[in-house]
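Everything below belongs to data05.csv, which stores CSV, C-alpha atoms.
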```
chain,number,residue,atom,x,y,z
J,178,MET,CA,1.3,11.7,-14.0
J,179,LEU,CA,-1.4,13.3,-16.0
J,180,LEU,CA,-0.6,15.3,-19.1
J,181,ARG,CA,-2.4,17.7,-21.4
J,182,SER,CA,0.5,17.8,-23.8
J,183,LEU,CA,3.3,15.3,-24.7
J,184,ASN,CA,5.9,18.1,-24.8
J,185,ILE,CA,6.4,19.6,-21.3
J,186,PRO,CA,9.1,21.5,-19.4
J,187,LYS,CA,11.7,19.3,-17.8
J,188,ALA,CA,10.8,20.6,-14.3
J,189,GLU,CA,7.3,19.5,-14.7
J,190,PHE,CA,8.3,16.0,-15.8
J,191,GLU,CA,10.7,15.7,-12.8
J,192,ALA,CA,8.0,16.9,-10.3
J,193,GLY,CA,5.4,14.6,-11.8
J,194,THR,CA,7.4,11.4,-12.0
J,195,GLY,CA,10.0,11.7,-9.3
J,196,TRP,CA,12.8,11.0,-11.8
J,197,THR,CA,15.6,13.6,-12.1
J,198,LEU,CA,17.1,14.2,-15.5
J,199,LYS,CA,20.8,14.3,-15.4
J,200,PRO,CA,23.6,14.1,-18.0
J,201,GLU,CA,24.0,10.4,-17.2
J,202,GLY,CA,20.3,9.7,-17.7
J,203,ALA,CA,17.0,9.6,-15.7
J,204,CYS,CA,17.8,9.0,-12.0
J,205,GLN,CA,15.9,8.0,-8.9
J,206,GLY,CA,17.8,7.4,-5.8
J,207,GLU,CA,20.9,5.5,-6.8
J,208,VAL,CA,19.3,4.2,-10.0
J,209,CYS,CA,20.1,5.9,-13.3
J,210,ILE,CA,18.7,4.8,-16.7
J,211,PRO,CA,20.6,6.1,-19.8
J,212,LEU,CA,18.5,8.0,-22.3
J,213,SER,CA,18.4,7.7,-26.1
J,214,GLN,CA,18.6,11.5,-26.4
J,215,SER,CA,19.8,14.1,-23.9
J,216,ALA,CA,16.9,15.9,-22.3
J,217,GLY,CA,16.8,19.6,-22.9
J,218,ASP,CA,14.5,22.1,-21.2
J,219,ALA,CA,11.5,20.7,-23.1
J,220,ILE,CA,10.7,17.0,-22.8
J,221,ASP,CA,9.4,14.7,-25.4
J,222,VAL,CA,7.4,12.6,-23.0
J,223,ALA,CA,6.8,9.7,-25.4
J,224,SER,CA,10.5,9.2,-26.1
J,225,LEU,CA,11.4,9.5,-22.5
J,226,ALA,CA,8.6,7.2,-21.3
J,227,GLY,CA,9.9,4.5,-23.7
J,228,ASP,CA,13.5,4.8,-22.4
J,229,ILE,CA,12.5,4.6,-18.7
J,230,GLY,CA,9.8,2.0,-19.4
J,231,MET,CA,6.9,4.1,-18.3
J,232,PRO,CA,3.5,3.2,-19.9
J,233,LEU,CA,1.7,6.0,-21.6
J,234,VAL,CA,-2.1,5.8,-22.0
J,235,ALA,CA,-4.1,8.2,-24.0
J,236,ALA,CA,-7.6,9.6,-24.2
J,237,PRO,CA,-7.0,11.6,-27.3
J,238,GLU,CA,-10.7,12.7,-27.7
J,239,HIS,CA,-10.2,14.5,-24.3
J,240,GLY,CA,-6.7,15.8,-25.0
J,241,LEU,CA,-5.4,13.8,-22.0
J,242,TRP,CA,-2.6,11.3,-21.4
J,243,ALA,CA,-1.4,9.5,-18.3
J,244,LEU,CA,2.1,8.3,-17.7
J,245,GLY,CA,2.4,5.3,-15.4
J,246,PRO,CA,5.2,4.7,-13.0
J,247,ALA,CA,8.4,2.9,-14.0
J,248,SER,CA,8.7,-0.7,-13.0
J,249,VAL,CA,12.5,-0.8,-12.6
J,250,GLY,CA,13.6,-3.6,-10.3
J,251,SER,CA,10.1,-5.1,-10.3
J,252,ARG,CA,9.1,-3.4,-7.0
J,253,ALA,CA,6.9,-0.3,-6.3
J,254,LEU,CA,10.0,1.2,-4.6
J,255,THR,CA,13.1,1.7,-6.6
J,256,SER,CA,15.0,2.9,-3.5
J,257,ALA,CA,14.2,3.3,0.2
J,258,ARG,CA,14.7,7.0,-0.1
J,259,ALA,CA,11.2,8.5,0.2
J,260,PRO,CA,10.1,10.2,-3.0
J,261,GLU,CA,8.9,13.8,-2.8
J,262,LEU,CA,5.1,13.9,-2.2
J,263,ARG,CA,3.3,17.1,-3.1
J,264,LEU,CA,-0.4,17.2,-2.3
J,265,PRO,CA,-2.9,19.8,-1.3
J,266,ASN,CA,-4.9,20.1,2.0
J,267,LEU,CA,-8.6,21.0,2.2
J,268,ASP,CA,-7.7,24.7,1.6
J,269,GLY,CA,-5.7,23.9,-1.5
J,270,GLN,CA,-2.3,24.7,0.1
J,271,GLU,CA,0.4,22.4,-1.2
J,272,PHE,CA,2.2,20.3,1.3
J,273,ARG,CA,5.6,18.7,0.7
J,274,LEU,CA,6.7,15.6,2.5
J,275,SER,CA,10.3,16.9,2.4
J,276,SER,CA,9.3,19.8,4.7
J,277,LEU,CA,9.2,17.2,7.6
J,278,LYS,CA,12.9,16.2,7.3
J,279,GLY,CA,14.2,15.8,10.8
J,280,LYS,CA,11.0,14.2,12.1
J,281,LYS,CA,9.8,10.6,12.0
J,282,VAL,CA,6.7,10.5,9.8
J,283,LEU,CA,3.9,8.1,9.5
J,284,LEU,CA,2.2,8.6,6.2
J,285,TYR,CA,-1.4,7.3,6.6
J,286,ALA,CA,-3.7,6.4,3.7
J,287,TRP,CA,-7.4,6.4,4.3
J,288,ALA,CA,-10.5,6.9,2.1
J,289,PRO,CA,-14.1,8.1,2.8
J,290,TYR,CA,-15.7,5.1,0.9
W,226,MET,CA,-7.9,8.1,17.7
W,227,TRP,CA,-5.0,8.7,15.3
W,228,GLN,CA,-5.1,12.4,16.4
W,229,ALA,CA,-4.6,11.4,20.1
W,230,LEU,CA,-1.8,9.1,19.2
W,231,ARG,CA,-0.1,11.8,17.2
W,232,ASN,CA,-0.4,14.3,20.1
W,233,GLU,CA,1.2,11.7,22.4
W,234,LEU,CA,4.1,11.1,20.1
W,235,HIS,CA,4.6,14.5,18.6
W,236,PRO,CA,6.9,15.8,21.4
W,237,LYS,CA,9.2,12.9,20.5
W,238,GLY,CA,9.8,14.2,17.0
W,239,PHE,CA,7.0,12.3,15.4
W,240,GLU,CA,4.5,13.6,12.8
W,241,LEU,CA,1.4,12.1,11.3
W,242,VAL,CA,0.4,12.9,7.7
W,243,THR,CA,-3.0,11.6,6.7
W,244,VAL,CA,-3.9,11.3,3.0
W,245,GLY,CA,-7.5,10.9,1.8
W,246,LEU,CA,-7.5,8.9,-1.4
W,247,ASP,CA,-10.5,10.1,-3.2
W,248,THR,CA,-11.1,11.3,-6.8
W,249,LEU,CA,-14.0,13.4,-5.4
W,250,GLY,CA,-11.4,15.4,-3.4
W,251,ASN,CA,-12.7,17.8,-0.9
W,252,GLU,CA,-16.3,16.9,-1.6
W,253,GLY,CA,-15.6,13.4,-0.5
W,254,CYS,CA,-13.2,14.0,2.3
W,255,ARG,CA,-14.2,17.3,4.0
W,256,ALA,CA,-16.8,16.0,6.5
W,257,PHE,CA,-14.4,13.3,7.8
W,258,ILE,CA,-11.5,15.7,8.1
W,259,GLU,CA,-13.5,18.4,9.8
W,260,ALA,CA,-14.9,15.9,12.2
W,261,ALA,CA,-11.3,14.7,13.1
W,262,LYS,CA,-10.0,18.3,13.6
W,263,PRO,CA,-6.5,17.3,12.6
W,264,GLU,CA,-3.5,19.3,13.9
W,265,HIS,CA,-1.2,17.4,11.6
W,266,PRO,CA,-1.0,17.7,7.8
W,267,SER,CA,-4.2,16.3,6.3
W,268,LEU,CA,-4.0,15.9,2.5
W,269,ILE,CA,-6.2,15.1,-0.5
W,270,ASP,CA,-5.0,12.7,-3.2
W,271,ARG,CA,-7.5,12.7,-6.1
W,272,HIS,CA,-5.3,10.5,-8.4
W,273,HIS,CA,-4.0,8.0,-5.8
W,274,VAL,CA,-0.4,9.1,-6.2
W,275,LEU,CA,0.3,7.1,-3.0
W,276,ALA,CA,-0.3,4.0,-5.1
W,277,ASP,CA,2.2,5.1,-7.7
W,278,LEU,CA,4.9,6.5,-5.3
W,279,PHE,CA,4.6,4.1,-2.4
W,280,GLY,CA,2.7,1.0,-3.6
W,281,VAL,CA,-0.4,1.6,-1.5
W,282,ILE,CA,-3.1,-0.9,-2.5
W,283,ASN,CA,-5.4,-0.8,0.4
W,284,ILE,CA,-6.8,1.4,3.1
W,285,PRO,CA,-6.0,2.0,5.9
W,286,SER,CA,-2.3,1.7,5.1
W,287,SER,CA,0.9,3.4,6.4
W,288,VAL,CA,4.4,4.1,5.4
W,289,TRP,CA,7.1,5.0,8.0
W,290,ILE,CA,9.8,7.5,7.1
W,291,ASP,CA,12.7,8.4,9.3
W,292,GLU,CA,14.4,11.8,10.0
W,293,GLN,CA,16.6,11.5,7.0
W,294,GLY,CA,13.7,10.9,4.6
W,295,MET,CA,14.4,7.1,4.3
W,296,ILE,CA,11.5,4.7,4.3
W,297,VAL,CA,11.9,2.2,7.1
W,298,ARG,CA,8.6,0.4,6.6
W,299,PRO,CA,6.9,0.3,3.1
W,300,ALA,CA,3.1,0.4,2.6
W,301,GLU,CA,1.4,-2.0,4.9
W,302,ALA,CA,-2.0,-2.3,6.7
W,303,ALA,CA,-2.3,0.2,9.5
W,304,PRO,CA,-4.9,-0.7,12.0
W,305,ALA,CA,-6.4,2.1,14.1
W,306,PRO,CA,-5.0,2.5,17.6
W,307,PRO,CA,-6.6,-0.1,20.0
W,308,ARG,CA,-9.8,0.7,21.8
W,309,SER,CA,-10.9,3.5,19.7
W,310,ALA,CA,-14.6,4.3,19.7
W,311,ALA,CA,-14.6,7.0,17.0
W,312,SER,CA,-17.0,6.6,14.2
W,313,PRO,CA,-17.1,8.7,11.0
W,314,PRO,CA,-19.7,11.5,10.7
W,315,GLY,CA,-23.1,11.2,9.1
W,316,PHE,CA,-23.6,7.6,10.0
W,317,SER,CA,-26.9,7.6,11.9
W,318,MET,CA,-29.0,5.4,9.7
W,319,PRO,CA,-32.7,6.4,9.9
W,320,GLY,CA,-35.2,3.6,9.6
W,321,ALA,CA,-34.5,0.2,8.3
W,322,VAL,CA,-30.9,-0.5,7.2
W,323,PRO,CA,-30.7,-2.2,3.8
W,324,GLN,CA,-29.6,-5.8,4.0
W,325,ARG,CA,-26.6,-5.0,1.8
W,326,PHE,CA,-25.2,-2.6,4.5
W,327,VAL,CA,-25.8,-5.2,7.2
W,328,ASP,CA,-23.8,-7.7,5.1
W,329,ILE,CA,-21.0,-5.2,4.4
W,330,MET,CA,-20.7,-4.4,8.1
W,331,SER,CA,-20.7,-8.0,8.9
W,332,GLU,CA,-17.9,-8.8,6.4
W,333,ALA,CA,-15.9,-5.7,7.6
W,334,ALA,CA,-16.1,-6.9,11.2
W,335,LYS,CA,-14.2,-10.1,10.1
W,336,ILE,CA,-11.2,-8.2,8.7
W,337,LYS,CA,-8.3,-9.2,10.8
W,338,LYS,CA,-6.3,-6.5,12.5
W,339,ASP,CA,-3.3,-6.8,14.8
W,340,ALA,CA,-3.6,-3.4,16.2
W,341,ALA,CA,-1.7,-4.2,19.5
W,342,GLY,CA,1.3,-5.5,17.6
W,343,TYR,CA,1.4,-2.7,15.1
W,344,HIS,CA,1.1,0.1,17.7
W,345,ALA,CA,3.7,-1.5,20.0
W,346,ALA,CA,6.1,-1.5,17.1
W,347,LEU,CA,5.3,2.1,16.2
W,348,ARG,CA,6.0,3.2,19.7
W,349,ASP,CA,9.2,1.2,19.8
W,350,TRP,CA,10.4,2.9,16.5
W,351,VAL,CA,9.5,6.4,17.7
W,352,GLU,CA,11.5,5.7,20.9
W,353,HIS,CA,14.5,3.9,19.5
W,354,GLY,CA,14.7,4.9,15.8
W,355,ALA,CA,17.2,2.9,13.7
W,356,ALA,CA,17.9,0.7,16.7
W,357,SER,CA,14.3,-0.5,16.7
W,358,ARG,CA,14.0,-4.0,15.3
W,359,PHE,CA,10.9,-2.8,13.4
W,360,ALA,CA,12.9,-0.3,11.4
W,361,LEU,CA,13.8,-2.3,8.2
W,362,SER,CA,17.0,-1.9,6.2
W,363,PRO,CA,16.8,-0.1,2.8
W,364,ASP,CA,17.1,-3.5,1.0
W,365,GLN,CA,14.3,-5.0,3.1
W,366,VAL,CA,12.1,-1.9,2.4
W,367,VAL,CA,12.5,-2.2,-1.3
W,368,GLU,CA,12.1,-6.0,-1.2
W,369,ARG,CA,8.9,-5.7,0.9
W,370,SER,CA,7.3,-3.1,-1.2
W,371,ARG,CA,4.6,-4.3,-3.6
W,372,PRO,CA,5.6,-6.2,-6.7
W,373,ARG,CA,5.4,-4.0,-9.8
W,374,ASP,CA,5.8,-5.3,-13.4
W,375,ARG,CA,4.8,-3.6,-16.6
W,376,ASP,CA,1.2,-4.6,-16.3
W,377,HIS,CA,1.0,-3.0,-12.9
W,378,ALA,CA,2.6,0.2,-14.2
W,379,LEU,CA,0.1,0.2,-17.1
W,380,GLY,CA,-2.8,-0.3,-14.7
W,381,HIS,CA,-1.6,2.7,-12.7
W,382,ALA,CA,-1.6,4.8,-15.9
W,383,HIS,CA,-5.2,3.7,-16.7
W,384,PHE,CA,-6.2,4.5,-13.2
W,385,ALA,CA,-4.7,8.0,-13.3
W,386,LEU,CA,-6.4,8.7,-16.6
W,387,ALA,CA,-9.7,7.5,-15.2
W,388,THR,CA,-9.5,9.8,-12.2
W,389,GLN,CA,-8.9,12.8,-14.4
W,390,LEU,CA,-11.7,11.9,-16.8
W,391,GLU,CA,-14.0,11.6,-13.8
W,392,ILE,CA,-12.9,15.0,-12.5
W,393,ASP,CA,-13.5,16.5,-15.9
W,394,GLY,CA,-17.0,15.2,-15.9
W,395,HIS,CA,-16.5,12.4,-18.4
W,396,HIS,CA,-17.8,9.6,-16.2
W,397,ALA,CA,-18.6,7.2,-19.0
W,398,ALA,CA,-15.2,7.6,-20.6
W,399,ALA,CA,-13.6,6.9,-17.2
W,400,ILE,CA,-15.2,3.5,-16.7
W,401,PRO,CA,-13.2,1.5,-19.3
W,402,HIS,CA,-9.9,2.9,-17.8
W,403,PHE,CA,-11.0,2.0,-14.3
W,404,ARG,CA,-11.8,-1.5,-15.6
W,405,ALA,CA,-8.4,-1.8,-17.2
W,406,ALA,CA,-6.8,-0.8,-13.9
W,407,HIS,CA,-8.7,-3.4,-12.0
W,408,ARG,CA,-7.7,-6.1,-14.5
W,409,LEU,CA,-4.0,-5.1,-14.5
W,410,VAL,CA,-3.7,-4.5,-10.7
W,411,PRO,CA,-6.1,-7.1,-9.3
W,412,GLU,CA,-4.6,-6.9,-5.8
W,413,SER,CA,-5.5,-3.2,-5.4
W,414,TRP,CA,-8.6,-2.8,-3.3
W,415,THR,CA,-8.4,1.0,-3.5
W,416,PHE,CA,-8.5,1.0,-7.3
W,417,ARG,CA,-11.7,-1.1,-7.1
W,418,ARG,CA,-13.4,0.6,-4.2
W,419,GLN,CA,-12.7,4.1,-5.7
W,420,ALA,CA,-14.4,3.2,-8.9
W,421,TRP,CA,-17.3,1.4,-7.2
W,422,SER,CA,-17.8,4.4,-4.9
W,423,LEU,CA,-18.4,6.7,-7.9
W,424,GLU,CA,-21.5,4.6,-8.8
W,425,LYS,CA,-23.8,6.0,-6.2
W,426,VAL,CA,-26.9,4.2,-5.2
W,427,GLY,CA,-29.4,6.4,-3.5
W,428,ASP,CA,-28.6,9.7,-1.7
W,429,GLY,CA,-26.9,10.8,1.4
W,430,PRO,CA,-23.6,9.8,3.0
W,431,LEU,CA,-24.2,6.1,2.5
W,432,ALA,CA,-24.7,6.3,-1.3
W,433,ARG,CA,-21.0,5.7,-1.9
W,434,PHE,CA,-20.9,2.7,0.4
W,435,TRP,CA,-23.3,0.6,-1.6
W,436,GLN,CA,-20.4,-0.3,-3.9
W,437,GLY,CA,-22.4,-2.7,-6.0
W,438,PRO,CA,-25.2,-3.1,-8.5
W,439,ASN,CA,-28.3,-1.1,-8.0
W,440,PRO,CA,-31.1,-3.6,-7.2
W,441,ASP,CA,-33.5,-1.7,-9.4
W,442,ALA,CA,-31.1,-1.9,-12.4
W,443,PRO,CA,-28.5,-4.5,-11.8
W,444,GLU,CA,-27.7,-4.8,-15.5
W,445,ALA,CA,-26.4,-1.2,-15.5
W,446,TRP,CA,-23.5,-2.1,-13.2
W,447,SER,CA,-20.2,-1.4,-15.1
W,448,TYR,CA,-17.8,-3.6,-13.2
W,449,ALA,CA,-16.7,-7.2,-13.1
W,450,SER,CA,-17.2,-7.4,-9.4
W,451,ASP,CA,-18.4,-5.4,-6.4
W,452,TRP,CA,-17.3,-4.9,-2.8
W,453,LEU,CA,-19.5,-7.6,-1.2
W,454,ALA,CA,-18.8,-10.2,-3.9
W,455,ASP,CA,-15.1,-9.6,-3.7
W,456,ILE,CA,-14.7,-9.6,0.0
W,457,ARG,CA,-16.7,-12.8,0.2
W,458,ALA,CA,-14.6,-14.4,-2.7
W,459,SER,CA,-11.3,-13.5,-1.1
W,460,GLY,CA,-12.4,-14.0,2.5
W,461,ALA,CA,-12.6,-10.9,4.8
W,462,GLU,CA,-9.8,-12.4,6.9
W,463,ASN,CA,-7.5,-12.0,3.9
W,464,TYR,CA,-8.4,-8.3,3.2
W,465,SER,CA,-5.3,-7.0,4.9
W,466,GLU,CA,-2.0,-8.8,4.8
W,467,PRO,CA,-1.0,-9.9,8.3
W,468,TRP,CA,1.2,-7.7,10.3
W,469,ARG,CA,4.8,-8.9,9.9
W,470,PRO,CA,7.5,-7.5,12.3
```

Represent the structure of the file as structure tokens.
Amino acid sequence: MLLRSLNIPKAEFEAGTGWTLKPEGACQGEVCIPLSQSAGDAIDVASLAGDIGMPLVAAPEHGLWALGPASVGSRALTSARAPELRLPNLDGQEFRLSSLKGKKVLLYAWAPY
Amino acid sequence: MWQALRNELHPKGFELVTVGLDTLGNEGCRAFIEAAKPEHPSLIDRHHVLADLFGVINIPSSVWIDEQGMIVRPAEAAPAPPRSAASPPGFSMPGAVPQRFVDIMSEAAKIKKDAAGYHAALRDWVEHGAASRFALSPDQVVERSRPRDRDHALGHAHFALATQLEIDGHHAAAIPHFRAAHRLVPESWTFRRQAWSLEKVGDGPLARFWQGPNPDAPEAWSYASDWLADIRASGAENYSEPWRP
């Protein structure tokens, strides 16, 4: 996920990374990773990234950071439960994959290049 | 092609969600989407979050997800339905076609696709759900998803940073991060093709397909490789991993 600040609201971190912050740690599917400090409403991204093993890359001259995905379990998927996907359509309206619960979905990646 | 298949399977509780992976966003995707007139969700992914979330490394790729939100097939090559004759818009090439495009088309034609096997499996799954032998178990799904170590994860972070720098108009600043992503995630064709496509050669809809050094200034090329060199080096027949039931 992309960041303009290293201190962000918990909800933003959760939406951006797909990890849920619970008392027992950062969780995705059945996997939970204990955290060195309990996460409040504001998140210290650098500390949390270290705990979960997410790489943080900076372009400080542009006030921009990028947080890479976790590599828990050494696979792209930590769990077979589909992560939430939130992306806009051409009109800028946000679509959520979870809105299609109850249907079989084929998610298809293409590119115009 | 996909639209027709979606309409056929939609009454059986099936939905297609197409995602255009392009940092240029609407500017890059609009003509293709409007030509396809999709009735299904058609989304724009400027930062390639599909790579982060699902391990997509190539296009076209698909992920199958069941009614409970469980992935039953992780990212894999998704050939177009058999016997499709559709072509993207804006592809009438006036005058002489540059040799590079002839070469690219010739390599692309060698890319192996098992469209019949893939689409028979898709229909079987839509019909039989969890009882279909093509619906994998949760353990198989995780095991078959792309390998991801710390280098891969770091490469994804560099790629995301590059896409935002590009969007913000810092093209030169984006390039070292695209290069880092290519080095750290060498198996990702989309990471490379995205970056190459931002180095336009000429004008018009084909400018993004050149994907290599400008013959008038080859020394200005920023990347370690290019589309034609890489597809020749790896062999077009290895571009997509073979369909595996």

Checklist line | W:Gly460, W:Pro401, W:Pro263, W:Gly253 ranked by distance to Asn232 (chain W), top pick (using only C-alpha atoms) | finding: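 For Asn232 (chain W), the nearest of the given residues is W:Pro263.
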
Next item on the list: List the neighbours of His381 (chain W) out to 10 Å using all atoms listed in the file; skip same-chain residues closer than 5 positions along the sequence, and give me the result as a PyMOL selection string.
Entry: (chain J and resi 178+232+234+243-246) or (chain W and resi 272-274+276-277+375-376+386-387+402-403+405-407+409-410+416)

Notebook entry, point to check: For chain W against chain J, which residues fall within 7 Å using all atoms listed in the file, given as a PyMOL selection string?
Noted result: chain W and resi 238-247+251+253-255+267-270+277-280+284-296+363+366-367+370-375+378-379+381-383+385-386+422+433-434

Notebook entry, point to check: For the atom pair CA of Asp393 (chain W) and CA of Arg181 (chain J), what is the interatomic distance in Å to one decimal place?
Noted result: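 That distance, rounded to one decimal, is 12.4 Å.
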
Margin query: Counting all atoms listed in the file, which residue out of W:Ile258, W:Ile400, W:Leu249, W:Val351 sits closest to Arg271 (chain W)?
Written below: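 For Arg271 (chain W), the nearest of the candidates is W:Leu249.
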
Check: Can you tell me how far CA of His395 (chain W) sits from CA of Trp446 (chain W), in Å to one decimal?
Finding: 16.9 Å

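A straight line drawn from CA of Thr415 (chain W) to CA of Phe257 (chain W) is 17.7 Å long.
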
Next item on the list: Name the residues within 9 Å of (11.7, 5.0, -20.1), counting only C-alpha atoms in the file's coordinates, and put them as a list in words.
Entry: Ala203, Ile210, Pro211, Leu212, Ala223, Ser224, Leu225, Ala226, Gly227, Asp228, Ile229, Gly230, Met231, Pro232 and Ala247 of chain J
